[in-house]
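Engineer: Sharing structure20.txt (compact mmCIF, C-alpha atoms) below.
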```txt
# COMPACT_ATOMS: atom_id res chain seq x y z
CA MET V 1 26.75 -10.92 -128.74
CA HIS V 2 30.12 -9.89 -130.00
CA ASP V 3 33.03 -12.14 -129.37
CA ILE V 4 35.41 -10.53 -126.96
CA PRO V 5 38.95 -11.60 -127.75
CA ASP V 6 40.88 -12.91 -124.78
CA THR V 7 43.85 -10.57 -124.57
CA GLU V 8 44.90 -11.40 -121.07
CA GLU V 9 48.16 -13.01 -122.07
CA ALA V 10 48.97 -10.27 -124.54
CA ASP V 11 48.20 -7.63 -121.93
CA ALA V 12 50.40 -9.33 -119.40
CA ALA V 13 53.16 -9.67 -121.94
CA ALA V 14 52.92 -5.96 -122.68
CA GLU V 15 53.69 -4.97 -119.10
CA ARG V 16 56.52 -2.53 -119.11
CA TYR V 17 58.59 -1.64 -116.14
CA TRP V 18 60.21 1.58 -115.13
CA PRO V 19 63.99 1.49 -115.32
CA GLU V 20 65.54 0.32 -112.09
CA GLY V 21 69.19 0.00 -112.96
CA TYR V 22 70.03 2.37 -110.11
CA LYS V 23 68.86 -0.32 -107.69
CA GLU V 24 71.78 -2.47 -108.81
CA VAL V 25 74.07 0.28 -107.55
CA ILE V 26 72.25 0.28 -104.20
CA ARG V 27 72.40 -3.51 -103.99
CA ALA V 28 76.05 -3.65 -104.90
CA HIS V 29 77.36 -0.84 -102.72
CA ALA V 30 75.02 0.16 -99.88
CA GLY V 31 75.14 -3.25 -98.23
CA GLN V 32 78.92 -3.46 -98.64
CA ALA V 33 79.43 -0.03 -97.14
CA PHE V 34 77.19 -0.96 -94.22
CA GLU V 35 79.09 -4.21 -93.60
CA ALA V 36 82.42 -2.43 -93.76
CA ARG V 37 81.37 0.13 -91.17
CA ILE V 38 80.05 -2.55 -88.79
CA HIS V 39 83.32 -4.47 -89.03
CA GLU V 40 85.43 -1.33 -88.64
CA ALA V 41 83.60 -0.44 -85.45
CA GLY V 42 83.40 -4.02 -84.19
CA ALA V 43 79.71 -3.45 -83.49
CA PHE V 44 76.80 -5.80 -82.76
CA LYS V 45 78.89 -8.84 -81.84
CA ALA V 46 77.26 -9.05 -78.40
CA TYR V 47 73.76 -8.82 -79.88
CA TYR V 48 74.63 -11.61 -82.29
CA GLU V 49 75.98 -13.87 -79.58
CA LYS V 50 73.16 -13.19 -77.15
CA LEU V 51 70.17 -13.23 -79.49
CA TYR V 52 70.91 -14.56 -82.95
CA ALA V 53 73.77 -17.09 -82.74
CA ASP V 54 71.35 -20.00 -83.06
CA LYS V 55 69.78 -18.58 -86.20
CA TYR V 56 72.87 -17.62 -88.21
CA ASP V 57 75.91 -19.82 -88.72
CA ASP V 58 78.38 -17.12 -87.88
CA PHE V 59 78.68 -13.41 -87.20
CA GLU V 60 79.68 -12.76 -90.81
CA GLN V 61 76.44 -14.25 -92.11
CA PHE V 62 74.43 -12.29 -89.56
CA ILE V 63 75.97 -8.98 -90.64
CA LYS V 64 75.44 -9.88 -94.30
CA ARG V 65 71.75 -10.40 -93.56
CA LEU V 66 71.56 -7.02 -91.81
CA ALA V 67 73.29 -5.40 -94.78
CA GLU V 68 70.84 -7.03 -97.15
CA MET V 69 67.91 -5.80 -95.05
CA VAL V 70 69.27 -2.26 -95.08
CA ALA V 71 69.74 -2.40 -98.87
CA ILE V 72 66.18 -3.70 -99.30
CA GLY V 73 64.99 -0.85 -97.09
CA ALA V 74 66.80 1.59 -99.36
CA GLU V 75 65.24 0.12 -102.49
CA ASN V 76 61.78 0.24 -100.92
CA GLY V 77 62.41 3.82 -99.79
CA ALA V 78 63.23 4.72 -103.40
CA ASP V 79 59.98 3.07 -104.55
CA ALA V 80 58.01 4.94 -101.89
CA ILE V 81 59.31 8.33 -102.97
CA PHE V 82 58.68 7.45 -106.62
CA GLU V 83 55.06 6.87 -105.62
CA GLU V 84 54.95 10.32 -104.05
CA ILE V 85 56.53 11.78 -107.17
CA TYR V 86 53.93 10.10 -109.39
CA ALA V 87 51.16 11.34 -107.14
CA SER V 88 52.44 14.87 -107.70
CA PHE V 89 52.44 14.24 -111.48
CA ARG V 90 48.87 12.97 -111.31
CA ASN V 91 47.73 15.90 -109.20
CA HIS V 92 49.60 18.47 -111.30
CA ALA V 93 51.36 19.47 -108.10
CA SER V 94 54.92 20.49 -107.45
CA LEU V 95 57.41 17.72 -106.72
CA PRO V 96 57.38 16.49 -103.10
CA ASP V 97 59.44 18.32 -100.50
CA PRO V 98 62.67 16.62 -99.55
CA ARG V 99 62.26 15.27 -96.00
CA VAL V 100 65.69 14.84 -94.50
CA PRO V 101 65.88 13.82 -90.85
CA ALA V 102 68.11 15.86 -88.56
CA ARG V 103 69.73 12.65 -87.33
CA TYR V 104 70.18 9.27 -88.95
CA TYR V 105 70.81 5.99 -87.19
CA TRP V 106 74.37 4.74 -87.16
CA PRO V 107 75.87 3.70 -89.52
CA GLU V 108 74.66 5.61 -92.54
CA PRO V 109 75.30 3.22 -95.41
CA PHE V 110 75.48 5.95 -98.03
CA THR V 111 78.66 7.88 -98.67
CA GLU V 112 78.46 11.08 -100.70
CA GLU V 113 80.17 9.24 -103.58
CA LEU V 114 77.55 6.50 -103.50
CA LYS V 115 74.71 9.03 -103.42
CA GLY V 116 76.26 10.76 -106.42
CA GLU V 117 76.60 7.45 -108.27
CA ILE V 118 72.92 6.60 -107.67
CA ARG V 119 71.84 10.09 -108.74
CA ARG V 120 73.85 9.81 -111.95
CA ASN V 121 72.30 6.42 -112.73
CA ILE V 122 68.77 7.68 -112.22
CA PHE V 123 69.53 10.71 -114.35
CA LYS V 124 70.94 8.52 -117.13
CA GLU V 125 67.94 6.19 -117.10
CA TYR V 126 65.15 8.69 -116.72
CA SER V 127 66.44 11.57 -118.83
CA ARG V 128 66.19 9.25 -121.85
CA HIS V 129 62.67 8.26 -121.00
CA HIS V 130 60.03 9.69 -123.32
CA ALA V 131 57.37 9.50 -120.57
CA TYR V 132 59.47 11.87 -118.48
CA GLU V 133 59.83 14.20 -121.42
CA HIS V 134 56.05 14.32 -121.73
CA ILE V 135 55.53 14.77 -118.00
CA HIS V 136 58.02 17.60 -118.06
CA GLU V 137 56.39 19.24 -121.06
CA ASP V 138 52.93 18.92 -119.57
CA HIS V 139 53.54 19.98 -116.01
CA TYR V 140 56.93 21.47 -115.31
CA ALA V 141 58.22 23.08 -118.51
CA GLY V 142 57.53 26.61 -117.31
CA ILE V 143 59.16 25.99 -113.95
CA LEU V 144 62.26 23.88 -114.57
CA ASP V 145 64.29 22.90 -117.62
CA PHE V 146 64.22 19.18 -118.40
CA GLU V 147 67.67 18.48 -117.02
CA SER V 148 66.93 20.20 -113.71
CA PHE V 149 63.61 18.39 -113.51
CA VAL V 150 65.17 14.94 -113.84
CA LYS V 151 68.01 15.94 -111.52
CA GLN V 152 65.46 16.98 -108.92
CA VAL V 153 63.66 13.64 -109.28
CA ALA V 154 67.00 11.85 -108.90
CA SER V 155 67.84 13.82 -105.74
CA LEU V 156 64.47 12.99 -104.23
CA VAL V 157 64.90 9.30 -105.01
CA VAL V 158 68.29 9.27 -103.29
CA ILE V 159 66.74 10.94 -100.24
CA GLY V 160 63.99 8.29 -100.34
CA ALA V 161 66.59 5.52 -100.52
CA VAL V 162 68.60 6.92 -97.61
CA ASN V 163 65.43 7.33 -95.53
CA GLY V 164 64.29 3.80 -96.42
CA ALA V 165 67.62 2.37 -95.26
CA ASP V 166 67.32 4.41 -92.06
CA GLU V 167 63.84 3.02 -91.38
CA ALA V 168 65.07 -0.54 -91.94
CA LEU V 169 67.91 0.08 -89.53
CA GLY V 170 65.45 1.48 -86.98
CA ARG V 171 63.40 -1.73 -87.21
CA ILE V 172 66.54 -3.82 -86.76
CA TYR V 173 67.51 -1.84 -83.66
CA LEU V 174 64.02 -2.33 -82.21
CA SER V 175 64.46 -6.08 -82.65
CA PHE V 176 67.74 -5.88 -80.75
CA LEU V 177 66.15 -3.92 -77.93
CA ASN V 178 63.14 -6.22 -77.72
CA ALA V 179 65.22 -9.38 -78.05
CA ALA V 180 62.99 -10.24 -81.00
CA PRO V 181 63.69 -12.00 -84.29
CA LEU V 182 64.95 -9.71 -87.03
CA PRO V 183 62.08 -7.96 -88.81
CA PRO V 184 60.90 -9.15 -92.22
CA ALA V 185 62.54 -7.44 -95.17
CA ARG V 186 61.04 -7.93 -98.59
CA ARG V 187 61.49 -6.12 -101.86
CA ARG V 188 58.42 -4.62 -103.44
CA PRO V 189 57.29 -5.92 -106.84
CA LYS V 190 58.81 -4.12 -109.80
CA ARG V 191 57.09 -0.87 -110.62
CA ILE V 192 54.89 -1.21 -113.69
CA ARG V 193 54.59 1.73 -116.02
CA MET J 194 65.70 36.44 -74.36
CA ARG J 195 64.72 32.81 -74.63
CA LEU J 196 63.08 33.03 -78.06
CA ALA J 197 65.21 35.71 -79.71
CA GLY J 198 64.49 35.89 -83.44
CA LYS J 199 62.19 32.87 -83.46
CA VAL J 200 58.96 33.02 -85.47
CA ALA J 201 55.83 31.76 -83.72
CA VAL J 202 52.43 31.12 -85.26
CA ILE J 203 49.64 31.14 -82.68
CA THR J 204 46.09 30.19 -83.59
CA GLY J 205 43.23 31.65 -81.61
CA ALA J 206 45.71 34.24 -80.41
CA ALA J 207 43.16 36.85 -79.45
CA GLY J 208 41.53 34.72 -76.76
CA ASP J 209 42.77 34.96 -73.19
CA ILE J 210 45.25 32.08 -73.29
CA GLY J 211 46.36 32.69 -76.89
CA ARG J 212 46.92 36.37 -76.20
CA GLY J 213 48.85 35.58 -73.02
CA ILE J 214 51.12 33.19 -74.92
CA ALA J 215 51.60 35.67 -77.79
CA LEU J 216 52.66 38.45 -75.42
CA LYS J 217 54.86 36.13 -73.38
CA PHE J 218 56.67 34.95 -76.52
CA ALA J 219 57.07 38.49 -77.82
CA GLY J 220 58.51 39.48 -74.45
CA GLU J 221 61.16 36.81 -74.98
CA GLY J 222 62.12 38.11 -78.42
CA ALA J 223 59.85 36.13 -80.76
CA HIS J 224 58.09 37.53 -83.81
CA VAL J 225 54.48 36.43 -83.78
CA VAL J 226 51.86 35.56 -86.37
CA VAL J 227 48.66 36.40 -84.55
CA ASN J 228 45.74 34.39 -85.88
CA ASP J 229 42.13 34.82 -84.96
CA LEU J 230 38.71 34.58 -86.52
CA SER J 231 38.34 38.30 -85.88
CA LEU J 232 40.86 40.51 -87.65
CA MET J 233 40.18 43.38 -85.28
CA ALA J 234 40.98 41.21 -82.28
CA ALA J 235 44.13 39.87 -83.95
CA GLU J 236 45.23 43.42 -84.77
CA SER J 237 44.77 44.50 -81.20
CA VAL J 238 47.19 41.77 -80.00
CA SER J 239 49.59 42.56 -82.85
CA ASP J 240 49.63 46.25 -81.92
CA LYS J 241 50.56 45.33 -78.37
CA ILE J 242 53.41 43.13 -79.64
CA LYS J 243 54.69 45.91 -81.88
CA GLU J 244 54.68 48.28 -78.89
CA MET J 245 56.99 45.75 -77.25
CA GLY J 246 59.43 46.18 -80.14
CA GLN J 247 58.77 42.85 -81.85
CA LYS J 248 57.31 42.12 -85.26
CA ALA J 249 53.75 40.84 -85.51
CA LEU J 250 51.50 39.79 -88.35
CA PRO J 251 47.76 39.73 -87.69
CA VAL J 252 45.96 37.17 -89.86
CA GLN J 253 42.24 36.57 -89.99
CA ALA J 254 41.74 32.88 -90.75
CA ASP J 255 39.38 30.09 -89.80
CA VAL J 256 41.46 27.20 -88.47
CA SER J 257 38.90 24.68 -89.65
CA SER J 258 39.45 25.75 -93.27
CA PHE J 259 42.57 24.25 -94.82
CA LYS J 260 42.54 26.95 -97.49
CA ASP J 261 42.48 29.70 -94.89
CA MET J 262 45.32 28.11 -93.00
CA GLU J 263 47.33 27.60 -96.18
CA ARG J 264 46.96 31.31 -96.88
CA MET J 265 48.03 32.18 -93.35
CA PHE J 266 51.20 30.07 -93.43
CA SER J 267 52.07 31.34 -96.86
CA GLU J 268 51.73 34.94 -95.62
CA ALA J 269 53.72 34.11 -92.51
CA VAL J 270 56.59 32.63 -94.49
CA SER J 271 56.58 35.41 -97.04
CA VAL J 272 56.91 37.97 -94.22
CA PHE J 273 59.20 36.15 -91.78
CA GLY J 274 60.86 33.51 -93.96
CA ARG J 275 60.33 30.64 -91.53
CA VAL J 276 58.13 29.08 -88.86
CA ASP J 277 59.90 27.90 -85.71
CA ILE J 278 57.04 27.53 -83.27
CA LEU J 279 53.39 26.62 -83.70
CA VAL J 280 50.91 27.02 -80.88
CA SER J 281 47.68 25.35 -81.93
CA ASN J 282 45.40 27.04 -79.46
CA ALA J 283 42.09 27.79 -81.17
CA GLY J 284 39.17 26.15 -79.43
CA ILE J 285 35.45 26.52 -78.89
CA ARG J 286 32.80 24.96 -76.68
CA ARG J 287 29.31 23.91 -77.69
CA ASP J 288 28.23 22.08 -74.54
CA SER J 289 25.03 20.10 -74.36
CA PRO J 290 23.86 16.77 -72.97
CA ILE J 291 23.88 13.97 -75.51
CA HIS J 292 20.13 13.89 -75.97
CA THR J 293 20.01 17.54 -77.00
CA MET J 294 23.39 17.88 -78.69
CA THR J 295 22.96 18.60 -82.37
CA GLU J 296 25.10 17.33 -85.19
CA THR J 297 26.15 20.92 -85.78
CA GLN J 298 27.36 21.32 -82.19
CA TRP J 299 29.37 18.12 -82.53
CA ASP J 300 30.82 19.12 -85.91
CA GLN J 301 31.71 22.66 -84.87
CA VAL J 302 33.85 21.49 -81.97
CA MET J 303 35.51 18.74 -84.02
CA ASP J 304 36.16 21.17 -86.87
CA VAL J 305 37.86 23.79 -84.72
CA GLN J 306 39.59 21.65 -82.12
CA LEU J 307 40.65 18.57 -84.05
CA LYS J 308 40.59 19.49 -87.72
CA GLY J 309 41.89 22.97 -86.92
CA CYS J 310 44.85 21.45 -85.14
CA PHE J 311 45.42 18.98 -87.98
CA ASN J 312 45.38 21.82 -90.52
CA ALA J 313 47.85 23.87 -88.52
CA VAL J 314 50.33 21.10 -87.81
CA LYS J 315 50.16 19.73 -91.35
CA LEU J 316 51.11 23.10 -92.75
CA ALA J 317 53.66 24.02 -90.07
CA GLN J 318 55.57 20.74 -90.24
CA LYS J 319 56.32 21.28 -93.90
CA TYR J 320 58.49 24.28 -93.05
CA MET J 321 59.83 22.78 -89.84
CA VAL J 322 61.00 19.60 -91.57
CA GLY J 323 62.87 21.73 -94.11
CA GLN J 324 64.52 23.67 -91.28
CA GLN J 325 65.16 20.53 -89.21
CA TYR J 326 63.85 22.47 -86.27
CA GLY J 327 60.46 23.09 -84.79
CA ARG J 328 58.39 23.30 -81.66
CA ILE J 329 54.71 22.37 -81.81
CA ILE J 330 52.57 23.12 -78.79
CA ILE J 331 48.98 21.94 -78.77
CA VAL J 332 46.66 23.52 -76.27
CA ALA J 333 44.00 20.99 -75.42
CA SER J 334 41.71 23.63 -73.94
CA PRO J 335 40.61 23.76 -70.34
CA VAL J 336 39.81 20.12 -69.81
CA PRO J 337 42.49 17.61 -68.95
CA SER J 338 42.21 15.26 -71.87
CA GLY J 339 40.80 11.88 -71.13
CA LEU J 340 38.77 13.11 -68.17
CA GLY J 341 35.25 13.43 -69.38
CA ARG J 342 32.51 15.53 -67.88
CA SER J 343 28.83 15.46 -68.55
CA ALA J 344 27.27 17.59 -71.26
CA GLU J 345 30.48 18.04 -73.20
CA ILE J 346 31.09 14.84 -75.12
CA ASN J 347 32.16 16.81 -78.17
CA TYR J 348 34.69 18.84 -76.19
CA SER J 349 36.08 15.90 -74.17
CA THR J 350 36.34 13.74 -77.27
CA ALA J 351 38.15 16.41 -79.24
CA ASN J 352 40.60 17.07 -76.42
CA ALA J 353 41.29 13.38 -75.90
CA GLY J 354 41.92 13.25 -79.65
CA LEU J 355 44.47 16.01 -79.33
CA THR J 356 46.51 14.01 -76.84
CA GLY J 357 46.56 11.10 -79.28
CA LEU J 358 47.57 13.45 -82.04
CA THR J 359 50.37 14.81 -79.84
CA ALA J 360 51.86 11.39 -79.14
CA SER J 361 51.70 10.15 -82.74
CA LEU J 362 53.03 13.37 -84.14
CA ALA J 363 55.92 13.46 -81.67
CA ILE J 364 56.96 10.00 -82.83
CA GLU J 365 56.60 10.90 -86.49
CA LEU J 366 58.41 14.22 -86.40
CA GLY J 367 61.08 13.54 -83.78
CA LYS J 368 63.70 12.59 -86.35
CA TYR J 369 63.36 16.03 -87.90
CA ASN J 370 64.21 17.67 -84.58
CA ILE J 371 60.64 18.76 -84.03
CA ASN J 372 59.23 18.52 -80.52
CA VAL J 373 55.49 18.13 -80.10
CA ASN J 374 53.85 18.65 -76.73
CA CYS J 375 50.43 19.36 -75.37
CA ILE J 376 49.30 21.66 -72.60
CA ALA J 377 46.04 20.72 -70.91
CA PRO J 378 45.01 23.56 -68.66
CA ASP J 379 42.08 23.36 -66.29
CA PHE J 380 40.45 25.83 -63.93
CA ILE J 381 41.99 28.80 -65.68
CA GLU J 382 40.10 32.03 -65.33
CA THR J 383 39.33 32.96 -68.93
CA GLN J 384 36.45 34.35 -70.89
CA MET J 385 35.68 30.85 -72.11
CA THR J 386 35.50 29.56 -68.53
CA ARG J 387 33.26 32.48 -67.56
CA GLU J 388 30.93 31.76 -70.47
CA HIS J 389 30.87 28.07 -69.60
CA VAL J 390 30.01 28.84 -65.98
CA ARG J 391 27.27 31.23 -67.09
CA THR J 392 25.86 28.62 -69.47
CA ASP J 393 25.70 26.19 -66.57
CA GLY J 394 23.58 28.71 -64.67
CA MET J 395 26.20 29.52 -62.05
CA TYR J 396 27.85 32.68 -60.83
CA MET J 397 31.59 32.87 -61.41
CA GLU J 398 32.32 33.66 -57.77
CA ASP J 399 30.36 30.62 -56.60
CA PHE J 400 32.12 28.46 -59.18
CA LYS J 401 35.50 29.67 -58.00
CA LYS J 402 34.71 28.77 -54.38
CA ALA J 403 33.50 25.30 -55.37
CA ALA J 404 36.33 24.68 -57.82
CA LEU J 405 38.95 25.23 -55.13
CA ALA J 406 37.79 22.03 -53.45
CA HIS J 407 39.20 20.14 -56.46
CA ILE J 408 42.47 22.03 -56.66
CA PRO J 409 45.29 21.03 -54.32
CA LEU J 410 46.96 24.44 -54.76
CA ARG J 411 43.66 26.08 -53.74
CA ARG J 412 43.63 28.80 -56.34
CA LEU J 413 42.38 29.13 -59.88
CA GLY J 414 44.98 29.13 -62.61
CA THR J 415 45.92 32.23 -64.54
CA VAL J 416 46.83 32.84 -68.14
CA GLU J 417 50.37 33.46 -66.88
CA ASP J 418 50.45 29.92 -65.46
CA VAL J 419 49.72 28.55 -68.94
CA SER J 420 51.94 30.92 -70.92
CA GLY J 421 54.90 30.09 -68.66
CA VAL J 422 54.59 26.41 -69.56
CA ALA J 423 54.17 27.31 -73.23
CA LEU J 424 57.36 29.37 -73.06
CA PHE J 425 59.24 26.46 -71.54
CA LEU J 426 57.99 24.14 -74.29
CA ALA J 427 58.87 26.67 -77.00
CA SER J 428 62.35 27.31 -75.67
CA ASP J 429 65.48 25.21 -76.05
CA GLU J 430 65.25 24.34 -72.36
CA SER J 431 62.67 21.69 -73.27
CA GLY J 432 64.78 20.26 -76.09
CA TYR J 433 64.45 16.69 -74.79
CA VAL J 434 60.75 16.86 -73.93
CA SER J 435 58.39 15.55 -76.60
CA GLY J 436 55.06 13.75 -76.84
CA GLN J 437 54.03 14.91 -73.37
CA VAL J 438 50.74 16.23 -72.07
CA ILE J 439 51.41 18.74 -69.33
CA LYS J 440 48.42 19.37 -67.14
CA VAL J 441 48.27 22.91 -65.82
CA ARG J 442 45.61 22.50 -63.17
CA GLY J 443 47.11 23.13 -59.76
CA GLY J 444 47.33 19.44 -59.01
CA PRO J 445 47.65 15.97 -60.51
```
What's the structure tokens form of this structure?
Structural biologist:
Amino acid sequence: MHDIPDTEEADAAAERYWPEGYKEVIRAHAGQAFEARIHEAGAFKAYYEKLYADKYDDFEQFIKRLAEMVAIGAENGADAIFEEIYASFRNHASLPDPRVPARYYWPEPFTEELKGEIRRNIFKEYSRHHAYEHIHEDHYAGILDFESFVKQVASLVVIGAVNGADEALGRIYLSFLNAAPLPPARRRPKRIR
Amino acid sequence: MRLAGKVAVITGAAGDIGRGIALKFAGEGAHVVVNDLSLMAAESVSDKIKEMGQKALPVQADVSSFKDMERMFSEAVSVFGRVDILVSNAGIRRDSPIHTMTETQWDQVMDVQLKGCFNAVKLAQKYMVGQQYGRIIIVASPVPSGLGRSAEINYSTANAGLTGLTASLAIELGKYNINVNCIAPDFIETQMTREHVRTDGMYMEDFKKAALAHIPLRRLGTVEDVSGVALFLASDESGYVSGQVIKVRGGP
């Protein structure tokens, strides 16, 4: 019998993650924008008082929690579209179609400036990534130049983030309508390369 | 013109109901992709549409083959540039009591009715989502879904499946401004009904007399009765109707 070296710890230590700096932008700004729009419109006060006043110290805290849930939804939406993008890499298929709803729930937490900022961050992070250079060379070089390829990925991720926030908001609204506790909102684990 | 300039894809469009819907839509200004298993039959309907001054594209394709359907939608979009309306209408019957029904009879009905519908909607929604507009009409064939009859477990099961598909799809695609509805016609005088009656060892005239006892309106339905509902569901008049199964059977 050969000795098999135990490399478990080394393997775990070698885990590398995909860059996710763009999520900091989502965390920092999407929630804030959402909160601001709720306050501007004076919305949800009645729902808070009727259904959630015993669970949150004040209205401010309640809205902050909603904003956090929407931001988590956006991050998870970005992860979900990245999974679709990777599936297209694996299957040597074209990048996924952008699926943009005709109507979003109010209030959309993403301004055009914020979308642009997220896109720029993704572009900065992923255009430097050698894995993306290889993926581009292997699958998309004849179709798109590298810059357009990464830009297209960035656009899709922003659409995924916006859709993820929209889905989170939909779940929150359903809780309001059903007089139910707010839905769970958890971030996914970091994406391993 | 209630469908002026709209592009409709109709599967099984050379059968009685499919043909009726195709001509009705063309009469209201739609351009029609006429699908059938028989190219000659599809061409005959297309020729009629062209005589009416509308554009038509006959496409031979088997709805149960995803590849065939992919080819059809790709041809449709290359000719017309978009797909606004899908009528998933293709259907077959392979009736038999359970103890004599073969696996092939079961599979054939599932392949055409259920998988065929899945193939069509999967491909159509891709374009409709991009357009943020679409109307999907699923014809559940002449049995009101959920009401079983003897010697047709494959057919009843497939049609009940289509109503489930309609509801789920309506929920999934609503946010893209795509309406999904189902028409469940019964007692419609079509070739398929005539064949079914013959298979059961009855004469059509006798069947008609007996059937009237079950129909509050005391007449058999016509293709026009079905195509009128399809037109309503395809038009903007039904913009706030989605996920519904509309029974066209002269009664509840």
Engineer: The residues within 12 Å of (62.8, 12.1, -94.1), using all atoms listed in the file and the coordinates of the file, should be reported as an MDAnalysis selection string; which are they?
Structural biologist: (chainID V and resid 77:78 80:81 96:104 156:167) or (chainID J and resid 318:319 321:323 325 365:370)
Engineer: May I ask for the distance between atom CA of Arg275 of chain J and atom CA of Ala317 of chain J, given in Å to one decimal place?
Structural biologist: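 Spanning atom CA of Arg275 of chain J to atom CA of Ala317 of chain J is a straight-line distance of 9.5 Å.
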Engineer: Pick out the residues sitting within 9 Å of segment 258-266 of chain J, and hand them over as a ChimeraX atom specification; count all atoms listed in the file, and ignore anything fewer than 2 positions along from it in its own chain.
Structural biologist: /J:202,226,228,252-256,268-271,276,304-305,308-309,312-313,316-317
Engineer: Filtering to C-alpha atoms, could you give me those residues as an mmCIF file, in the frame of the given file?
Structural biologist:
```cif
data_model
loop_
_atom_site.group_PDB
_atom_site.id
_atom_site.type_symbol
_atom_site.label_atom_id
_atom_site.label_comp_id
_atom_site.auth_asym_id
_atom_site.auth_seq_id
_atom_site.Cartn_x
_atom_site.Cartn_y
_atom_site.Cartn_z
ATOM 1 C CA VAL J 202 52.430 31.120 -85.260
ATOM 2 C CA VAL J 226 51.860 35.560 -86.370
ATOM 3 C CA ASN J 228 45.740 34.390 -85.880
ATOM 4 C CA VAL J 252 45.960 37.170 -89.860
ATOM 5 C CA GLN J 253 42.240 36.570 -89.990
ATOM 6 C CA ALA J 254 41.740 32.880 -90.750
ATOM 7 C CA ASP J 255 39.380 30.090 -89.800
ATOM 8 C CA VAL J 256 41.460 27.200 -88.470
ATOM 9 C CA GLU J 268 51.730 34.940 -95.620
ATOM 10 C CA ALA J 269 53.720 34.110 -92.510
ATOM 11 C CA VAL J 270 56.590 32.630 -94.490
ATOM 12 C CA SER J 271 56.580 35.410 -97.040
ATOM 13 C CA VAL J 276 58.130 29.080 -88.860
ATOM 14 C CA ASP J 304 36.160 21.170 -86.870
ATOM 15 C CA VAL J 305 37.860 23.790 -84.720
ATOM 16 C CA LYS J 308 40.590 19.490 -87.720
ATOM 17 C CA GLY J 309 41.890 22.970 -86.920
ATOM 18 C CA ASN J 312 45.380 21.820 -90.520
ATOM 19 C CA ALA J 313 47.850 23.870 -88.520
ATOM 20 C CA LEU J 316 51.110 23.100 -92.750
ATOM 21 C CA ALA J 317 53.660 24.020 -90.070
#
```
Engineer: For chain V, which residue among J:Ala215, J:Leu405, J:Ile371, J:Val416 is the nearest when counting only C-alpha atoms?
Structural biologist: J:Ile371
Engineer: Under the rule that all atoms listed in the file are counted, which of V:Arg171, V:His92, V:His129, V:Arg186 is the nearest residue to Tyr17 of chain V?
Structural biologist: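 For Tyr17 of chain V, the nearest of the given residues is V:His129.
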Engineer: Record the distance separating atom CA of Arg128 of chain V and atom CA of Val70 of chain V, expressed in Å with one decimal.
Structural biologist: 29.3 Å
Engineer: Find the residue from V:Ala131, V:Ala41, V:Val153, V:Ile63 that sits nearest to Ser88 of chain V; use all atoms listed in the file when measuring.
Structural biologist: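 Using all atoms listed in the file, the shortest distance to Ser88 of chain V belongs to V:Val153.
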Engineer: List as a list in words the protein and nucleic acid residues near segment 30-40 of chain V, meaning an atom at most 6 Å away when all atoms listed in the file are counted, but skip any in the same chain fewer than 2 places from it.
Structural biologist: Ile26, Gly42, Ala43, Ala67, Glu68, Ala71 and Pro109 of chain V
Engineer: May I have the residues within 12 Å of Phe400 of chain J as an MDAnalysis selection string, using all atoms listed in the file and disregarding those fewer than 6 positions away in the same chain?
Structural biologist: chainID J and resid 380:382 386:391 393:394 406:407 412:413
Engineer: Please indicate the distance in Å from atom CA of Ala360 of chain J to atom CA of Leu424 of chain J, rounded to one decimal place.
Structural biologist: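 Going from atom CA of Ala360 of chain J over to atom CA of Leu424 of chain J covers 19.8 Å.
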Engineer: When you look at Gly198 of chain J with a cut-off of 8 Å (counting all atoms listed in the file), what residues show up, excluding the ones that are within fewer than 2 positions of it in the same chain? I need them as a PyMOL selection string.
Structural biologist: chain J and resi 196+200+222-224
Engineer: How would the residues just chosen look if you wrote them out with C-alpha atoms as a compact mmCIF listing (two decimals), in the frame of the given file?
Structural biologist:
```
# COMPACT_ATOMS: atom_id res chain seq x y z
CA LEU J 196 63.08 33.03 -78.06
CA VAL J 200 58.96 33.02 -85.47
CA GLY J 222 62.12 38.11 -78.42
CA ALA J 223 59.85 36.13 -80.76
CA HIS J 224 58.09 37.53 -83.81
```
Engineer: With all atoms listed in the file as the counted atoms, please give the residues lying no more than 8 Å from Asn347 of chain J, apart from itself and same-chain residues fewer than 4 positions off, as a count of residues only.
Structural biologist: 7
Engineer: Could you check the closest approach to Leu177 of chain V for each of V:Arg193, V:Lys50, V:His130, V:Lys124 and tell me which residue wins, using only C-alpha atoms?
Structural biologist: V:Lys50
Engineer: Find the smallest box with edges along x, y and z containing every listed atom of segment 125-135 of chain V, then add 4 Å on each side and report centre and edge lengths in Å to one decimal, as lines of an AutoDock Vina configuration file.
Structural biologist:
```
center_x = 61.7
center_y = 10.5
center_z = -120.0
size_x = 20.4
size_y = 16.6
size_z = 14.6
```
Engineer: Just checking: using only C-alpha atoms, which residue out of J:Asn352, J:Gly327, J:Asn374, J:Val332 ends up closest to chain V?
Structural biologist: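 Of J:Asn352, J:Gly327, J:Asn374, J:Val332, the one nearest chain V is J:Gly327, counting only C-alpha atoms.
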Engineer: With only C-alpha atoms as the atoms that count, which of V:Tyr105, V:Tyr173, V:Tyr132, V:Tyr47 lies nearest to chain J?
Structural biologist: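 Residue with the minimum atom-to-atom distance to chain J: V:Tyr105.
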